[in-house]
>>> print(open('query20.pdb').read())   # PDB, C-alpha atoms, pLDDT in the B column
ATOM      1  CA  MET I   1      44.361 126.515  26.390  1.00 43.00           C
ATOM      2  CA  GLN I   2      40.802 126.986  25.124  1.00 52.00           C
ATOM      3  CA  LYS I   3      39.913 128.756  21.931  1.00 80.00           C
ATOM      4  CA  ALA I   4      39.142 132.388  22.662  1.00 88.00           C
ATOM      5  CA  GLU I   5      35.471 132.225  21.646  1.00 91.00           C
ATOM      6  CA  ALA I   6      34.769 129.249  23.895  1.00 91.00           C
ATOM      7  CA  PHE I   7      36.678 130.768  26.800  1.00 91.00           C
ATOM      8  CA  TRP I   8      34.793 134.080  26.714  1.00 93.00           C
ATOM      9  CA  ASP I   9      31.412 132.455  26.062  1.00 95.00           C
ATOM     10  CA  LYS I  10      31.905 130.394  29.206  1.00 92.00           C
ATOM     11  CA  ALA I  11      33.106 133.416  31.189  1.00 92.00           C
ATOM     12  CA  ALA I  12      30.385 135.829  30.049  1.00 95.00           C
ATOM     13  CA  GLU I  13      27.854 135.454  32.889  1.00 95.00           C
ATOM     14  CA  LYS I  14      30.495 135.711  35.606  1.00 94.00           C
ATOM     15  CA  TYR I  15      32.206 138.585  33.775  1.00 93.00           C
ATOM     16  CA  ALA I  16      28.923 140.516  33.613  1.00 94.00           C
ATOM     17  CA  LYS I  17      28.499 140.271  37.379  1.00 93.00           C
ATOM     18  CA  SER I  18      32.090 141.148  38.287  1.00 94.00           C
ATOM     19  CA  SER I  19      32.956 144.551  39.712  1.00 92.00           C
ATOM     20  CA  ILE I  20      35.536 146.938  38.272  1.00 92.00           C
ATOM     21  CA  GLY I  21      38.922 146.248  39.830  1.00 88.00           C
ATOM     22  CA  ASN I  22      40.153 149.842  39.895  1.00 92.00           C
ATOM     23  CA  VAL I  23      37.234 152.258  39.665  1.00 95.00           C
ATOM     24  CA  GLU I  24      39.406 155.373  39.754  1.00 95.00           C
ATOM     25  CA  ALA I  25      41.536 154.200  36.812  1.00 95.00           C
ATOM     26  CA  TYR I  26      38.451 153.117  34.849  1.00 96.00           C
ATOM     27  CA  GLU I  27      36.730 156.467  35.336  1.00 97.00           C
ATOM     28  CA  TYR I  28      39.914 158.314  34.365  1.00 97.00           C
ATOM     29  CA  THR I  29      40.135 156.246  31.176  1.00 97.00           C
ATOM     30  CA  LEU I  30      36.509 157.141  30.385  1.00 97.00           C
ATOM     31  CA  GLU I  31      37.230 160.827  30.997  1.00 97.00           C
ATOM     32  CA  ARG I  32      40.264 160.826  28.702  1.00 98.00           C
ATOM     33  CA  THR I  33      38.350 158.871  26.047  1.00 98.00           C
ATOM     34  CA  ARG I  34      35.401 161.267  26.145  1.00 98.00           C
ATOM     35  CA  SER I  35      37.770 164.167  25.489  1.00 98.00           C
ATOM     36  CA  TYR I  36      38.419 162.733  22.002  1.00 98.00           C
ATOM     37  CA  LEU I  37      34.755 162.145  21.146  1.00 98.00           C
ATOM     38  CA  SER I  38      32.171 164.431  19.559  1.00 98.00           C
ATOM     39  CA  ALA I  39      28.402 164.289  19.147  1.00 98.00           C
ATOM     40  CA  GLU I  40      28.729 163.486  15.426  1.00 98.00           C
ATOM     41  CA  ASP I  41      31.091 160.526  15.824  1.00 98.00           C
ATOM     42  CA  LYS I  42      30.549 156.980  14.672  1.00 98.00           C
ATOM     43  CA  VAL I  43      32.474 154.735  17.067  1.00 98.00           C
ATOM     44  CA  LEU I  44      33.427 151.076  16.844  1.00 98.00           C
ATOM     45  CA  GLU I  45      34.452 149.230  19.986  1.00 98.00           C
ATOM     46  CA  ILE I  46      36.162 145.900  19.341  1.00 98.00           C
ATOM     47  CA  GLY I  47      36.216 143.467  22.232  1.00 97.00           C
ATOM     48  CA  CYS I  48      33.261 145.226  23.838  1.00 98.00           C
ATOM     49  CA  GLY I  49      32.549 142.461  26.351  1.00 97.00           C
ATOM     50  CA  THR I  50      29.173 142.946  27.997  1.00 98.00           C
ATOM     51  CA  GLY I  51      28.880 146.509  26.705  1.00 98.00           C
ATOM     52  CA  SER I  52      29.443 148.546  29.870  1.00 97.00           C
ATOM     53  CA  THR I  53      31.886 151.048  28.346  1.00 98.00           C
ATOM     54  CA  ALA I  54      29.931 151.456  25.108  1.00 98.00           C
ATOM     55  CA  LEU I  55      26.765 152.203  27.057  1.00 98.00           C
ATOM     56  CA  LEU I  56      28.529 154.770  29.241  1.00 98.00           C
ATOM     57  CA  LEU I  57      29.928 156.563  26.176  1.00 98.00           C
ATOM     58  CA  ALA I  58      26.722 156.420  24.118  1.00 98.00           C
ATOM     59  CA  ALA I  59      25.495 159.879  25.186  1.00 98.00           C
ATOM     60  CA  ASP I  60      28.727 161.446  23.904  1.00 98.00           C
ATOM     61  CA  VAL I  61      28.488 160.254  20.284  1.00 98.00           C
ATOM     62  CA  ASP I  62      26.067 159.708  17.434  1.00 98.00           C
ATOM     63  CA  GLN I  63      26.486 155.935  17.160  1.00 98.00           C
ATOM     64  CA  ILE I  64      28.455 153.114  18.758  1.00 98.00           C
ATOM     65  CA  ILE I  65      28.837 149.619  17.345  1.00 98.00           C
ATOM     66  CA  GLY I  66      30.193 147.131  19.851  1.00 98.00           C
ATOM     67  CA  SER I  67      31.691 143.872  18.608  1.00 98.00           C
ATOM     68  CA  ASP I  68      32.950 140.825  20.444  1.00 98.00           C
ATOM     69  CA  ILE I  69      33.928 137.282  19.468  1.00 97.00           C
ATOM     70  CA  SER I  70      31.690 135.932  22.235  1.00 97.00           C
ATOM     71  CA  GLY I  71      28.045 135.561  21.333  1.00 97.00           C
ATOM     72  CA  ASN I  72      27.169 135.319  25.020  1.00 97.00           C
ATOM     73  CA  MET I  73      28.920 138.615  25.756  1.00 98.00           C
ATOM     74  CA  VAL I  74      27.006 140.287  22.922  1.00 98.00           C
ATOM     75  CA  ARG I  75      23.691 138.839  24.097  1.00 98.00           C
ATOM     76  CA  ILE I  76      24.214 140.290  27.572  1.00 98.00           C
ATOM     77  CA  ALA I  77      25.320 143.646  26.129  1.00 98.00           C
ATOM     78  CA  SER I  78      22.221 143.821  23.922  1.00 98.00           C
ATOM     79  CA  GLU I  79      19.969 143.033  26.873  1.00 98.00           C
ATOM     80  CA  LYS I  80      21.616 145.828  28.897  1.00 98.00           C
ATOM     81  CA  ALA I  81      21.111 148.322  26.055  1.00 98.00           C
ATOM     82  CA  ARG I  82      17.452 147.340  25.806  1.00 98.00           C
ATOM     83  CA  ASP I  83      16.893 147.525  29.564  1.00 97.00           C
ATOM     84  CA  GLN I  84      18.610 150.937  29.768  1.00 97.00           C
ATOM     85  CA  GLY I  85      16.714 152.287  26.754  1.00 98.00           C
ATOM     86  CA  VAL I  86      19.905 153.179  24.884  1.00 98.00           C
ATOM     87  CA  SER I  87      19.048 153.294  21.184  1.00 96.00           C
ATOM     88  CA  ASN I  88      22.259 154.493  19.518  1.00 98.00           C
ATOM     89  CA  VAL I  89      24.328 151.442  20.499  1.00 98.00           C
ATOM     90  CA  SER I  90      24.238 148.115  18.670  1.00 97.00           C
ATOM     91  CA  PHE I  91      26.178 144.941  19.357  1.00 98.00           C
ATOM     92  CA  ILE I  92      27.348 142.226  16.977  1.00 98.00           C
ATOM     93  CA  ALA I  93      29.150 138.920  17.473  1.00 97.00           C
ATOM     94  CA  ALA I  94      32.164 139.178  15.187  1.00 97.00           C
ATOM     95  CA  ASP I  95      35.930 139.058  15.290  1.00 95.00           C
ATOM     96  CA  LEU I  96      38.062 141.959  14.133  1.00 96.00           C
ATOM     97  CA  PHE I  97      38.413 140.591  10.593  1.00 97.00           C
ATOM     98  CA  ASP I  98      34.742 139.805  10.072  1.00 96.00           C
ATOM     99  CA  ASP I  99      33.077 141.535   7.103  1.00 96.00           C
ATOM    100  CA  ALA I 100      30.268 142.546   9.479  1.00 96.00           C
ATOM    101  CA  LEU I 101      32.510 145.371  10.710  1.00 97.00           C
ATOM    102  CA  ASP I 102      32.777 146.882   7.224  1.00 95.00           C
ATOM    103  CA  GLN I 103      29.915 149.338   7.738  1.00 91.00           C
ATOM    104  CA  GLY I 104      31.691 152.430   6.490  1.00 91.00           C
ATOM    105  CA  PRO I 105      34.704 154.154   8.015  1.00 97.00           C
ATOM    106  CA  CYS I 106      34.547 155.144  11.675  1.00 98.00           C
ATOM    107  CA  ASP I 107      35.660 158.314  13.407  1.00 98.00           C
ATOM    108  CA  VAL I 108      36.967 156.389  16.419  1.00 98.00           C
ATOM    109  CA  VAL I 109      37.925 152.759  17.077  1.00 98.00           C
ATOM    110  CA  LEU I 110      38.247 151.576  20.676  1.00 98.00           C
ATOM    111  CA  ALA I 111      40.223 148.492  21.730  1.00 98.00           C
ATOM    112  CA  LEU I 112      40.179 148.584  25.520  1.00 97.00           C
ATOM    113  CA  ASN I 113      41.834 145.690  27.349  1.00 95.00           C
ATOM    114  CA  LEU I 114      42.009 143.707  24.123  1.00 96.00           C
ATOM    115  CA  LEU I 115      45.216 143.769  22.097  1.00 97.00           C
ATOM    116  CA  HIS I 116      47.301 141.776  24.585  1.00 95.00           C
ATOM    117  CA  LEU I 117      44.763 138.990  23.939  1.00 94.00           C
ATOM    118  CA  VAL I 118      45.355 139.012  20.162  1.00 95.00           C
ATOM    119  CA  GLU I 119      47.957 136.681  18.663  1.00 93.00           C
ATOM    120  CA  ASP I 120      48.823 138.792  15.592  1.00 96.00           C
ATOM    121  CA  THR I 121      49.082 142.378  16.831  1.00 97.00           C
ATOM    122  CA  THR I 122      50.431 143.744  13.545  1.00 97.00           C
ATOM    123  CA  SER I 123      47.518 142.391  11.493  1.00 98.00           C
ATOM    124  CA  ALA I 124      45.073 143.658  14.123  1.00 98.00           C
ATOM    125  CA  LEU I 125      46.503 147.185  13.926  1.00 98.00           C
ATOM    126  CA  GLN I 126      46.408 147.103  10.107  1.00 98.00           C
ATOM    127  CA  ARG I 127      42.755 146.083  10.231  1.00 98.00           C
ATOM    128  CA  ILE I 128      41.928 148.790  12.769  1.00 98.00           C
ATOM    129  CA  ARG I 129      43.554 151.418  10.559  1.00 98.00           C
ATOM    130  CA  SER I 130      41.469 150.238   7.589  1.00 98.00           C
ATOM    131  CA  LEU I 131      38.272 150.788   9.583  1.00 98.00           C
ATOM    132  CA  LEU I 132      39.078 154.435  10.365  1.00 98.00           C
ATOM    133  CA  LYS I 133      38.435 157.597   8.403  1.00 98.00           C
ATOM    134  CA  PRO I 134      41.464 159.737   7.477  1.00 97.00           C
ATOM    135  CA  ASN I 135      42.702 161.340  10.713  1.00 98.00           C
ATOM    136  CA  GLY I 136      40.462 158.976  12.658  1.00 98.00           C
ATOM    137  CA  ILE I 137      41.296 158.192  16.281  1.00 98.00           C
ATOM    138  CA  PHE I 138      42.356 154.834  17.678  1.00 98.00           C
ATOM    139  CA  ILE I 139      42.179 154.415  21.464  1.00 98.00           C
ATOM    140  CA  SER I 140      43.576 151.367  23.212  1.00 98.00           C
ATOM    141  CA  LYS I 141      44.278 150.107  26.695  1.00 97.00           C
ATOM    142  CA  THR I 142      46.693 147.195  26.662  1.00 96.00           C
ATOM    143  CA  VAL I 143      48.608 145.270  29.295  1.00 93.00           C
ATOM    144  CA  CYS I 144      52.332 145.838  28.636  1.00 92.00           C
ATOM    145  CA  LYS I 145      55.560 145.233  30.484  1.00 88.00           C
ATOM    146  CA  PRO I 146      56.007 148.604  32.216  1.00 82.00           C
ATOM    147  CA  ASP I 147      59.114 150.641  31.484  1.00 74.00           C
ATOM    148  CA  LYS I 148      59.209 151.747  35.113  1.00 68.00           C
ATOM    149  CA  GLY I 149      57.208 150.939  38.222  1.00 65.00           C
ATOM    150  CA  GLY I 150      54.678 148.135  38.540  1.00 64.00           C
ATOM    151  CA  GLN I 151      57.250 145.464  37.733  1.00 72.00           C
ATOM    152  CA  LEU I 152      56.153 143.152  40.559  1.00 74.00           C
ATOM    153  CA  LYS I 153      52.503 143.147  39.477  1.00 76.00           C
ATOM    154  CA  PHE I 154      53.515 142.401  35.902  1.00 78.00           C
ATOM    155  CA  LEU I 155      55.864 139.590  36.948  1.00 80.00           C
ATOM    156  CA  LEU I 156      53.109 138.009  39.048  1.00 82.00           C
ATOM    157  CA  MET I 157      50.786 138.096  36.038  1.00 83.00           C
ATOM    158  CA  ARG I 158      53.449 136.583  33.801  1.00 83.00           C
ATOM    159  CA  THR I 159      53.979 133.769  36.299  1.00 86.00           C
ATOM    160  CA  ILE I 160      50.356 132.982  37.108  1.00 89.00           C
ATOM    161  CA  ILE I 161      48.715 133.275  33.680  1.00 85.00           C
ATOM    162  CA  PRO I 162      50.540 130.302  32.030  1.00 84.00           C
ATOM    163  CA  ILE I 163      49.428 128.096  34.920  1.00 86.00           C
ATOM    164  CA  MET I 164      45.845 129.297  34.538  1.00 87.00           C
ATOM    165  CA  GLN I 165      46.027 128.671  30.786  1.00 81.00           C
ATOM    166  CA  LEU I 166      46.998 125.045  31.396  1.00 85.00           C
ATOM    167  CA  LEU I 167      43.905 124.721  33.592  1.00 83.00           C
ATOM    168  CA  GLY I 168      41.664 126.365  30.983  1.00 82.00           C
ATOM    169  CA  LYS I 169      41.169 129.385  33.240  1.00 81.00           C
ATOM    170  CA  ALA I 170      42.889 132.014  31.051  1.00 83.00           C
ATOM    171  CA  PRO I 171      42.978 132.832  27.328  1.00 87.00           C
ATOM    172  CA  PHE I 172      45.991 133.597  25.136  1.00 89.00           C
ATOM    173  CA  VAL I 173      47.972 136.593  26.409  1.00 91.00           C
ATOM    174  CA  ARG I 174      50.871 138.284  24.619  1.00 91.00           C
ATOM    175  CA  PHE I 175      53.397 139.992  26.887  1.00 88.00           C
ATOM    176  CA  MET I 176      54.784 143.017  25.027  1.00 92.00           C
ATOM    177  CA  ASP I 177      56.916 145.754  26.484  1.00 91.00           C
ATOM    178  CA  THR I 178      55.721 149.325  26.135  1.00 93.00           C
ATOM    179  CA  ARG I 179      58.255 150.388  23.508  1.00 94.00           C
ATOM    180  CA  GLU I 180      57.551 147.338  21.364  1.00 95.00           C
ATOM    181  CA  PHE I 181      53.802 148.011  21.420  1.00 96.00           C
ATOM    182  CA  GLU I 182      54.117 151.704  20.632  1.00 97.00           C
ATOM    183  CA  ASP I 183      56.572 150.974  17.805  1.00 97.00           C
ATOM    184  CA  LEU I 184      54.033 148.549  16.322  1.00 97.00           C
ATOM    185  CA  ILE I 185      51.366 151.256  16.408  1.00 98.00           C
ATOM    186  CA  THR I 186      53.487 153.906  14.704  1.00 98.00           C
ATOM    187  CA  ALA I 187      54.763 151.389  12.117  1.00 98.00           C
ATOM    188  CA  GLN I 188      51.181 150.827  10.971  1.00 97.00           C
ATOM    189  CA  GLY I 189      50.587 154.473  10.135  1.00 97.00           C
ATOM    190  CA  PHE I 190      49.502 156.040  13.403  1.00 98.00           C
ATOM    191  CA  LYS I 191      50.764 159.071  15.289  1.00 98.00           C
ATOM    192  CA  ILE I 192      50.585 158.697  19.070  1.00 98.00           C
ATOM    193  CA  LEU I 193      48.835 161.668  20.664  1.00 98.00           C
ATOM    194  CA  GLU I 194      48.691 160.517  24.279  1.00 98.00           C
ATOM    195  CA  ALA I 195      50.093 157.666  26.344  1.00 97.00           C
ATOM    196  CA  GLY I 196      50.055 156.753  30.014  1.00 95.00           C
ATOM    197  CA  TYR I 197      49.285 154.039  32.548  1.00 93.00           C
ATOM    198  CA  HIS I 198      45.715 153.725  33.881  1.00 91.00           C
ATOM    199  CA  PRO I 199      47.028 151.951  36.020  1.00 89.00           C
ATOM    200  CA  THR I 200      50.322 150.088  35.506  1.00 87.00           C
ATOM    201  CA  PRO I 201      50.635 147.723  33.633  1.00 90.00           C
ATOM    202  CA  SER I 202      47.661 148.873  31.503  1.00 92.00           C
ATOM    203  CA  ARG I 203      49.063 151.218  28.849  1.00 95.00           C
ATOM    204  CA  TYR I 204      46.493 153.735  27.562  1.00 97.00           C
ATOM    205  CA  ILE I 205      47.278 155.055  24.096  1.00 98.00           C
ATOM    206  CA  VAL I 206      45.472 157.500  21.807  1.00 98.00           C
ATOM    207  CA  ALA I 207      46.718 157.542  18.219  1.00 98.00           C
ATOM    208  CA  GLU I 208      45.668 159.335  15.033  1.00 98.00           C
ATOM    209  CA  LYS I 209      45.558 157.699  11.601  1.00 98.00           C
ATOM    210  CA  VAL I 210      48.010 159.563   9.360  1.00 97.00           C
TER     211      VAL I 210
END
>>> encode(input="query20.pdb", output="structure tokens")
Amino acid sequence: MQKAEAFWDKAAEKYAKSSIGNVEAYEYTLERTRSYLSAEDKVLEIGCGTGSTALLLAADVDQIIGSDISGNMVRIASEKARDQGVSNVSFIAADLFDDALDQGPCDVVLALNLLHLVEDTTSALQRIRSLLKPNGIFISKTVCKPDKGGQLKFLLMRTIIPIMQLLGKAPFVRFMDTREFEDLITAQGFKILEAGYHPTPSRYIVAEKV
């Protein structure tokens, strides 16, 4: 299995050209996310990829910082921001624990389609909490073992991904069940405000720092 940075650097160009798998679910996630944003917010998106979501949310907030471990992803995201004339979004190549993210507390931290790719979920959630203002909002979308429905899709993923990892075609993936993931979030000092599947097995969670 490749290191995450190398995997995503290699995948960046293809990823940028790929289409959204489930447009309806993606747009619903954006709608729900926007409902927690305000025009004065400073937002940090970790694992921003090629910046598509950050650029779509830019008009709803004061500032968005997008970070990703892949320098190639960040380069593409920065080019898109420049080409679209979006001035309140900036992108940096950094992992979650990089000092570059310590730019003052944020109102909102986004981790969309990311935390199942992180080896130490507890440390990641602790770090996210440290980056938020008091009562700040954490929004995630994470592949989890569904508590009902969608079992076949999840089982197919769990079967295929290890094979792809052996071939260097997939990064690290942690398979958590929904209860385990939500318990980890609340144990790190968050109160869950909203949770649902957009779609199964992607668990969408909004939590407040308490």
>>> closest_residue(input="query20.pdb", among="I:Lys42, I:Val86, I:Gln151, I:Gly49", to="Gly104 of chain I", atoms="only C-alpha atoms")
I:Lys42
>>> resolve_selection(input="query20.pdb", expression="the PyMOL selection byres ((chain I and resi 43) around 7)", output="list in words")
Asp41, Lys42, Leu44, Glu45, Gln63, Ile64, Ile65, Cys106, Asp107, Val108 and Val109 of chain I
>>> resolve_selection(input="query20.pdb", expression="the PyMOL selection byres ((chain I and resi 146) around 12)", output="number ranges by chain")
I: 142-145, 147-155, 175-181, 196-204
>>> resolve_selection(input="query20.pdb", expression="the PyMOL selection byres ((chain I and resi 111) around 6)", output="NGL selection string")
:I and (46 or 110 or 112 or 114 or 140)
>>> closest_residue(input="query20.pdb", among="I:Ala94, I:Ile185, I:Ile69, I:Ala100", to="Gln126 of chain I", atoms="all atoms listed in the file")
I:Ile185
>>> closest_residue(input="query20.pdb", among="I:Ala124, I:Ala39, I:Leu131, I:Ala170", to="Lys3 of chain I", atoms="all atoms listed in the file")
I:Ala170
>>> atom_distance(input="query20.pdb", atom1="atom CA of Gly47 of chain I", atom2="atom CA of Val74 of chain I")
9.8 Å
>>> atom_distance(input="query20.pdb", atom1="atom CA of Thr33 of chain I", atom2="atom CA of Ser52 of chain I")
14.2 Å
>>> atom_distance(input="query20.pdb", atom1="atom CA of Ala93 of chain I", atom2="atom CA of Thr122 of chain I")
22.2 Å
>>> residues_near_point(input="query20.pdb", point="(38.8, 155.4, 9.4)", cutoff="8 Å", atoms="all atoms listed in the file", output="list in words")
Pro105, Cys106, Asp107, Val108, Arg129, Ser130, Leu131, Leu132, Lys133, Pro134, Asn135, Gly136, Ile137 and Lys209 of chain I
>>> build_atoms(input="query20.pdb", residues="segment 132-158 of chain I", atoms="N, CA and C atoms", output="tab-separated table (two decimals), in the coordinates of the input")
chain	number	residue	atom	x	y	z
I	132	LEU	N	39.14	153.03	9.96
I	132	LEU	CA	39.08	154.44	10.36
I	132	LEU	C	39.04	155.38	9.17
I	133	LYS	N	38.38	156.50	9.36
I	133	LYS	CA	38.44	157.60	8.40
I	133	LYS	C	39.84	158.22	8.43
I	134	PRO	N	40.21	158.97	7.40
I	134	PRO	CA	41.46	159.74	7.48
I	134	PRO	C	41.46	160.61	8.73
I	135	ASN	N	42.57	160.61	9.45
I	135	ASN	CA	42.70	161.34	10.71
I	135	ASN	C	41.80	160.81	11.82
I	136	GLY	N	41.26	159.60	11.62
I	136	GLY	CA	40.46	158.98	12.66
I	136	GLY	C	41.30	158.64	13.87
I	137	ILE	N	40.63	158.40	15.00
I	137	ILE	CA	41.30	158.19	16.28
I	137	ILE	C	41.16	156.74	16.73
I	138	PHE	N	42.29	156.18	17.12
I	138	PHE	CA	42.36	154.83	17.68
I	138	PHE	C	42.74	154.95	19.15
I	139	ILE	N	41.93	154.35	20.02
I	139	ILE	CA	42.18	154.42	21.46
I	139	ILE	C	42.27	153.00	22.00
I	140	SER	N	43.39	152.71	22.68
I	140	SER	CA	43.58	151.37	23.21
I	140	SER	C	44.02	151.42	24.67
I	141	LYS	N	43.76	150.33	25.34
I	141	LYS	CA	44.28	150.11	26.70
I	141	LYS	C	44.76	148.67	26.72
I	142	THR	N	46.06	148.49	26.90
I	142	THR	CA	46.69	147.20	26.66
I	142	THR	C	47.70	146.88	27.77
I	143	VAL	N	47.63	145.68	28.29
I	143	VAL	CA	48.61	145.27	29.30
I	143	VAL	C	49.98	145.13	28.64
I	144	CYS	N	50.96	145.87	29.15
I	144	CYS	CA	52.33	145.84	28.64
I	144	CYS	C	53.31	145.72	29.80
I	145	LYS	N	54.49	145.22	29.49
I	145	LYS	CA	55.56	145.23	30.48
I	145	LYS	C	55.93	146.68	30.74
I	146	PRO	N	55.76	147.18	31.95
I	146	PRO	CA	56.01	148.60	32.22
I	146	PRO	C	57.48	148.97	32.10
I	147	ASP	N	57.73	150.19	31.60
I	147	ASP	CA	59.11	150.64	31.48
I	147	ASP	C	59.68	151.11	32.83
I	148	LYS	N	58.78	151.42	33.75
I	148	LYS	CA	59.21	151.75	35.11
I	148	LYS	C	58.02	151.59	36.05
I	149	GLY	N	58.27	151.14	37.25
I	149	GLY	CA	57.21	150.94	38.22
I	149	GLY	C	56.32	149.76	37.84
I	150	GLY	N	55.64	149.20	38.81
I	150	GLY	CA	54.68	148.14	38.54
I	150	GLY	C	55.28	146.82	38.08
I	151	GLN	N	56.59	146.67	38.23
I	151	GLN	CA	57.25	145.46	37.73
I	151	GLN	C	56.77	144.21	38.47
I	152	LEU	N	56.55	144.32	39.78
I	152	LEU	CA	56.15	143.15	40.56
I	152	LEU	C	54.79	142.63	40.11
I	153	LYS	N	53.84	143.54	39.92
I	153	LYS	CA	52.50	143.15	39.48
I	153	LYS	C	52.58	142.45	38.13
I	154	PHE	N	53.38	143.00	37.22
I	154	PHE	CA	53.52	142.40	35.90
I	154	PHE	C	54.15	141.02	35.99
I	155	LEU	N	55.19	140.87	36.81
I	155	LEU	CA	55.86	139.59	36.95
I	155	LEU	C	54.93	138.53	37.54
I	156	LEU	N	54.09	138.94	38.49
I	156	LEU	CA	53.11	138.01	39.05
I	156	LEU	C	52.14	137.53	37.97
I	157	MET	N	51.67	138.47	37.14
I	157	MET	CA	50.79	138.10	36.04
I	157	MET	C	51.46	137.11	35.09
I	158	ARG	N	52.72	137.42	34.76
I	158	ARG	CA	53.45	136.58	33.80
I	158	ARG	C	53.71	135.19	34.36
